[in-house]
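In what follows, a single structure is set out as structure tokens and then discussed.
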Amino acid sequence: MAGNIKSFVLRSGRMSRAQEKSYEAGERFLIPYSEEVVDFSRYFGNDRPITVEIGFGMGKATAEIAAANPDRNYLCIEVFKAGIGKLLWEIEQRCLSNIRIIEHDAAEVIEKMAAPESFAAVHLFFPDPWPKKRHHKRRLVQKPFAELLASRLCEGSYIYMVSDWENYAEEALAVFSAVPGLYNPYSGGFAPGISWRPRTKFEQKGLAKNHPIKEIYLVKKAVT
Ligand SMILES: C[S@@+](CC[C@H](N)C(=O)[O-])C[C@H]1O[C@@H](n2cnc3c(N)ncnc32)[C@H](O)[C@@H]1O
């Protein structure tokens, strides 16, 4: 089961007053966790394609992407309450209507709440790298999770992961490449930097430490 990995430690980061107010006022953008399959289009109020973002942190890049793509919906999953408050604040400031948030473990959400072929894309930007070898088992991208993601994507949709942690990126590239039905248009290697992706907070931290930024982009094709 993909939901067995404890890929996060709940950060207790304090919310600013503005984040707290947005959190209290933003209930209509939150989808409660449920053990049942959910029709996400009901929460968005339309049938536009849904991109899932896993672990959006403070959500600034998420809000920028959503603002630039009003014809798509963004289902954003995070466990960090202050980050959720911040994304709700961004939604309010930018008057965004195409973001919904679930405050829960992404592996459980996707496994329990999403029907097969629900999503048009998965964004996974700078997942926790768990750098110590004894912690690698806590990395989110492992075979069961990669297979779960692939099963929830519709044909022609993509998984896009970025990491500044080279050995995690290499491991993730190998894991995703081994999933039947995922196709790497970059000859099995890393993708070139994708121009529309805004720089994230954790990317900035990685760059400040001279970490190389590794991009992984695979497309779901029909299994024949
Ligand atoms: C290293 S931060 C990256 C944040 C953001 N994507 C960025 O690039 O700035 C990883 C984020 O993933 C979240 N996270 C880790 N495991 C998760 C899980 N299983 N479900 C939901 N969120 C998770 C953490 O709370 C954290 O905010």
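Each chain in the structure tokens gets a letter, A, B, ..., in the order shown, and its residues are numbered from 1; ligands are numbered from 1 in order too.
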
*Got a sec: who's within 9 Å of region 14-25 of chain A, counting only C-alpha atoms, leaving out chain neighbours fewer than 2 positions off, as an MDAnalysis selection string?*
chainID A and resid 12 27:28 81:92

*Extract the full set of strand (DSSP E) residues from chain A according to DSSP on the backbone, and format it as a VMD selection string.*
chain A and resid 50 to 54 73 to 78 99 to 103 119 to 125 153 to 163 182 to 183 214 to 220

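Comparing A:Val219, A:Leu10, A:Ala68, A:Ala121 by their smallest distance to ligand 1, the closest is A:Leu10 (using only C-alpha atoms and all ligand atoms).
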
_List the spatial neighbours of Glu147 (chain A) as JSON, numbers by chain - criterion: any atom at most 12 Å away, only C-alpha atoms, same-chain residues fewer than 2 positions off excluded._
{"A": [1, 2, 107, 110, 111, 116, 140, 141, 142, 143, 144, 145, 149, 150, 151, 152, 153, 159, 175, 176, 177, 178, 179, 180, 181, 182, 220]}

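Minimum atom-to-atom distances from A:Ala146, A:Ala222, A:Asn210, A:Ser118 to Tyr183 (chain A) were compared using only C-alpha atoms, and the lowest value belongs to A:Ala222.
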
*Name the residues in contact with His135 (chain A) at a cut-off of 12 Å, using only C-alpha atoms, excluding same-chain residues fewer than 2 positions from it; report them as a PyMOL selection string.*
chain A and resi 5-8+128-133+137-140+168

For region 74-192 of chain A against region 32-53 of chain A, with a cut-off of 7 Å and counting only C-alpha atoms, what is the closest atom pair and its distance in Å to one decimal for every residue that makes the cut, ordered by chain and number, as a Markdown table?
```
| residue | atom | partner | partner_atom | distance |
| --- | --- | --- | --- | --- |
| A:Tyr74 | CA | A:Thr51 | CA | 4.9 |
| A:Leu75 | CA | A:Val52 | CA | 4.7 |
| A:Cys76 | CA | A:Glu53 | CA | 4.7 |
| A:Ile77 | CA | A:Glu53 | CA | 6.1 |
| A:Asn98 | CA | A:Phe44 | CA | 6.7 |
| A:Ile102 | CA | A:Pro32 | CA | 6.3 |
| A:His104 | CA | A:Tyr33 | CA | 6.6 |
| A:Val109 | CA | A:Tyr33 | CA | 6.8 |
| A:Lys112 | CA | A:Glu35 | CA | 5.3 |
| A:Met113 | CA | A:Val37 | CA | 4.0 |
| A:Ala114 | CA | A:Val37 | CA | 5.5 |
| A:Ala115 | CA | A:Val37 | CA | 6.0 |
| A:Phe119 | CA | A:Ile50 | CA | 5.2 |
| A:Ala120 | CA | A:Ile50 | CA | 5.4 |
| A:Ala121 | CA | A:Thr51 | CA | 4.5 |
| A:Val122 | CA | A:Val52 | CA | 4.8 |
| A:His123 | CA | A:Glu53 | CA | 4.6 |
| A:Leu124 | CA | A:Glu53 | CA | 6.0 |
```

For the selection you just gave me, I'd like the residues written to a file as a PDB file, in the first residue's frame, keeping C-alpha atoms.
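part.pdb, written as the output of this step:
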```
ATOM      1  CA  TYR A  74      -5.612  22.261  -9.235  1.00  0.00           C
ATOM      2  CA  LEU A  75      -6.139  19.765  -6.444  1.00  0.00           C
ATOM      3  CA  CYS A  76      -3.453  20.598  -3.910  1.00  0.00           C
ATOM      4  CA  ILE A  77      -2.531  18.217  -1.103  1.00  0.00           C
ATOM      5  CA  ASN A  98      -9.545  26.804  -9.682  1.00  0.00           C
ATOM      6  CA  ILE A 102      -6.954  18.619   0.959  1.00  0.00           C
ATOM      7  CA  HIS A 104      -3.990  15.076   4.571  1.00  0.00           C
ATOM      8  CA  VAL A 109      -5.837  10.794  -0.486  1.00  0.00           C
ATOM      9  CA  LYS A 112      -8.703   6.270  -1.267  1.00  0.00           C
ATOM     10  CA  MET A 113     -10.375   9.317  -2.831  1.00  0.00           C
ATOM     11  CA  ALA A 114      -9.326   9.226  -6.502  1.00  0.00           C
ATOM     12  CA  ALA A 115     -10.896   6.907  -9.055  1.00  0.00           C
ATOM     13  CA  PHE A 119      -6.151  13.301 -13.178  1.00  0.00           C
ATOM     14  CA  ALA A 120      -4.608  15.160 -16.101  1.00  0.00           C
ATOM     15  CA  ALA A 121      -1.259  15.774 -14.385  1.00  0.00           C
ATOM     16  CA  VAL A 122       0.733  15.302 -11.199  1.00  0.00           C
ATOM     17  CA  HIS A 123       3.134  17.968  -9.900  1.00  0.00           C
ATOM     18  CA  LEU A 124       5.650  16.957  -7.268  1.00  0.00           C
TER      19      LEU A 124
END
```

*Using only C-alpha atoms and all ligand atoms, what are the residues with an atom within 6 Å of ligand 1, set out as a ChimeraX atom specification?*
/A:7-8,54-57,77-80,104-107,125-128,200-203

*Could you jot down the CA of Gly26 (chain A) to CA of Lys205 (chain A) separation for me, Å, one decimal place?*
28.8 Å

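As for CA of Ala66 (chain A) and CA of Arg94 (chain A), they are spaced 9.9 Å apart.
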
*Extract the full set of alpha helix (DSSP H) residues from region 15-147 of chain A according to DSSP on the backbone, and format it as an NGL selection string.*
:A and (17-25 or 40-44 or 60-68 or 81-94 or 106-113 or 143-147)

*Quick one: distance from CA of Asn167 (chain A) to CA of Pro198 (chain A) in Å, one decimal?*
23.1 Å
